[in-house]
Amino acid sequence: MANLSQSRHSPPPAASFMRVAEQKSLIDRLSQGSWFGRMPQALRERVITRSSVRSYDKGQLLSLEGSPPKGLFAVLEGQVHLVVAMGTGDEALVHVGGPGFWFGELGVLTGNQTVVTAIAHTPVRALLLPTSQFDLIVEEDPRSFRHFAGLIFERYAALVRAFADIQEITPDARLRRRLAALVQLQREDRMEAGSVTLGVTQADLSRMIGISRQTLNRLLGQLQERGLIELGFRKIIVPEPRRLLEAAAESETEIAASTASRNRLSVRI
């Protein structure tokens, strides 16, 4: 994890303004993602033309928790870690975002301070729609607000599922569902067919689902034996995403069984 006190004082990222050909290329590329792809073409064009492309070094901050929102980001190249500060002084890894991943929507939509810190885990190129430009877009066409709000609704649903995972299910089921969520999010961001490669390390995963590295290694080995994943260097390959999603759905049965068991116990008491 990057040292935030050092990253906070790193040089500002280099920004570049796009030519028409590059704007069109980015619209086509980001439109492969389900959220951006559902926007009206005119709105997609306004977002891109009013954005700039910025480059960040490894360990550099894109945004800092508790600071005014800079704008809406989309990862173009590299990998971004989203973390939140814990009461213990540690940091919890919330998500690992690769190309096509959007973030910063809560700040620009509400005007409140940012709730996560975004750190470049590798060298990163990102699109940034500044808050001021977002405000102009919505002022010009108030109906566009609901398209941006759709991103928050998607993240809220994912947050509810993640909270249920922590409260209700066993570590192996939690792992299956987290991997499935990463697959689905990447599919939404990139709309890829066939196998999916998750650029997430085992250290990242253990922090994201709250289990030890030893437990994680054992559980990943079991998934690999079932042919659901293939372990590589700093990545996990999902050869048949449908099978992993089906395995993740098994946890729904586990939740129901756990809930029924607690209900029976409370009746006896």
# chains A, B, ... in the order shown; residues from 1 in each chain; ligands from 1
call {"tool": "residues_around", "arguments": {"residues": "Gly221 in chain A", "least_positions_apart": "6", "cutoff": "10 Å", "atoms": "only C-alpha atoms", "output": "JSON, numbers by chain"}}
result
{"A": [215, 227, 229, 230, 231]}
call {"tool": "write_last_selection", "arguments": {"atoms": "N, CA and C atoms", "output": "JSON list (two decimals), in the first residue's frame"}}
result
[["chain", "number", "residue", "atom", "x", "y", "z"],
["A", 215, "THR", "N", -5.64, -19.12, 4.72],
["A", 215, "THR", "CA", -7.00, -19.60, 4.40],
["A", 215, "THR", "C", -7.32, -19.36, 2.94],
["A", 227, "GLY", "N", -11.60, -26.65, -11.29],
["A", 227, "GLY", "CA", -11.53, -26.10, -12.63],
["A", 227, "GLY", "C", -12.23, -24.77, -12.79],
["A", 229, "ILE", "N", -11.09, -21.81, -11.56],
["A", 229, "ILE", "CA", -10.11, -20.74, -11.76],
["A", 229, "ILE", "C", -8.76, -21.35, -12.12],
["A", 230, "GLU", "N", -7.87, -20.51, -12.63],
["A", 230, "GLU", "CA", -6.48, -20.86, -12.85],
["A", 230, "GLU", "C", -5.63, -19.76, -12.22],
["A", 231, "LEU", "N", -4.69, -20.14, -11.38],
["A", 231, "LEU", "CA", -3.87, -19.16, -10.67],
["A", 231, "LEU", "C", -2.64, -18.82, -11.49]]
call {"tool": "closest_atom_pairs", "arguments": {"of": "range 163-236 of chain A", "to": "range 107-123 of chain A", "cutoff": "12 Å", "atoms": "only C-alpha atoms", "output": "JSON lines"}}
result
{"residue": "A:Gly199", "atom": "CA", "partner": "A:His121", "partner_atom": "CA", "distance": 11.0}
{"residue": "A:Val200", "atom": "CA", "partner": "A:His121", "partner_atom": "CA", "distance": 10.7}
{"residue": "A:Thr201", "atom": "CA", "partner": "A:His121", "partner_atom": "CA", "distance": 11.4}
{"residue": "A:Asp204", "atom": "CA", "partner": "A:His121", "partner_atom": "CA", "distance": 11.0}
call {"tool": "atom_distance", "arguments": {"atom1": "CA of Arg44 in chain A", "atom2": "CA of Val75 in chain A"}}
result
15.8 Å
call {"tool": "select_by_dssp", "arguments": {"residues": "range 3-221 of chain A", "states": "alpha helix (DSSP H)", "output": "PyMOL selection string"}}
result
chain A and resi 4-7+20-30+34-37+41-49+105-110+131-140+145-168+171-190+202-209+213-221
call {"tool": "residues_around", "arguments": {"residues": "range 241-251 of chain A", "least_positions_apart": "4", "cutoff": "6 Å", "atoms": "only C-alpha atoms", "output": "ChimeraX atom specification"}}
result
/A:173,176-177,180,228
call {"tool": "atom_distance", "arguments": {"atom1": "CA of Leu64 in chain A", "atom2": "CA of Leu127 in chain A"}}
result
16.9 Å
call {"tool": "closest_residue", "arguments": {"among": "A:Asp135, A:Gly98, A:Glu140, A:Leu175", "to": "Arg207 in chain A", "atoms": "only C-alpha atoms"}}
result
A:Leu175
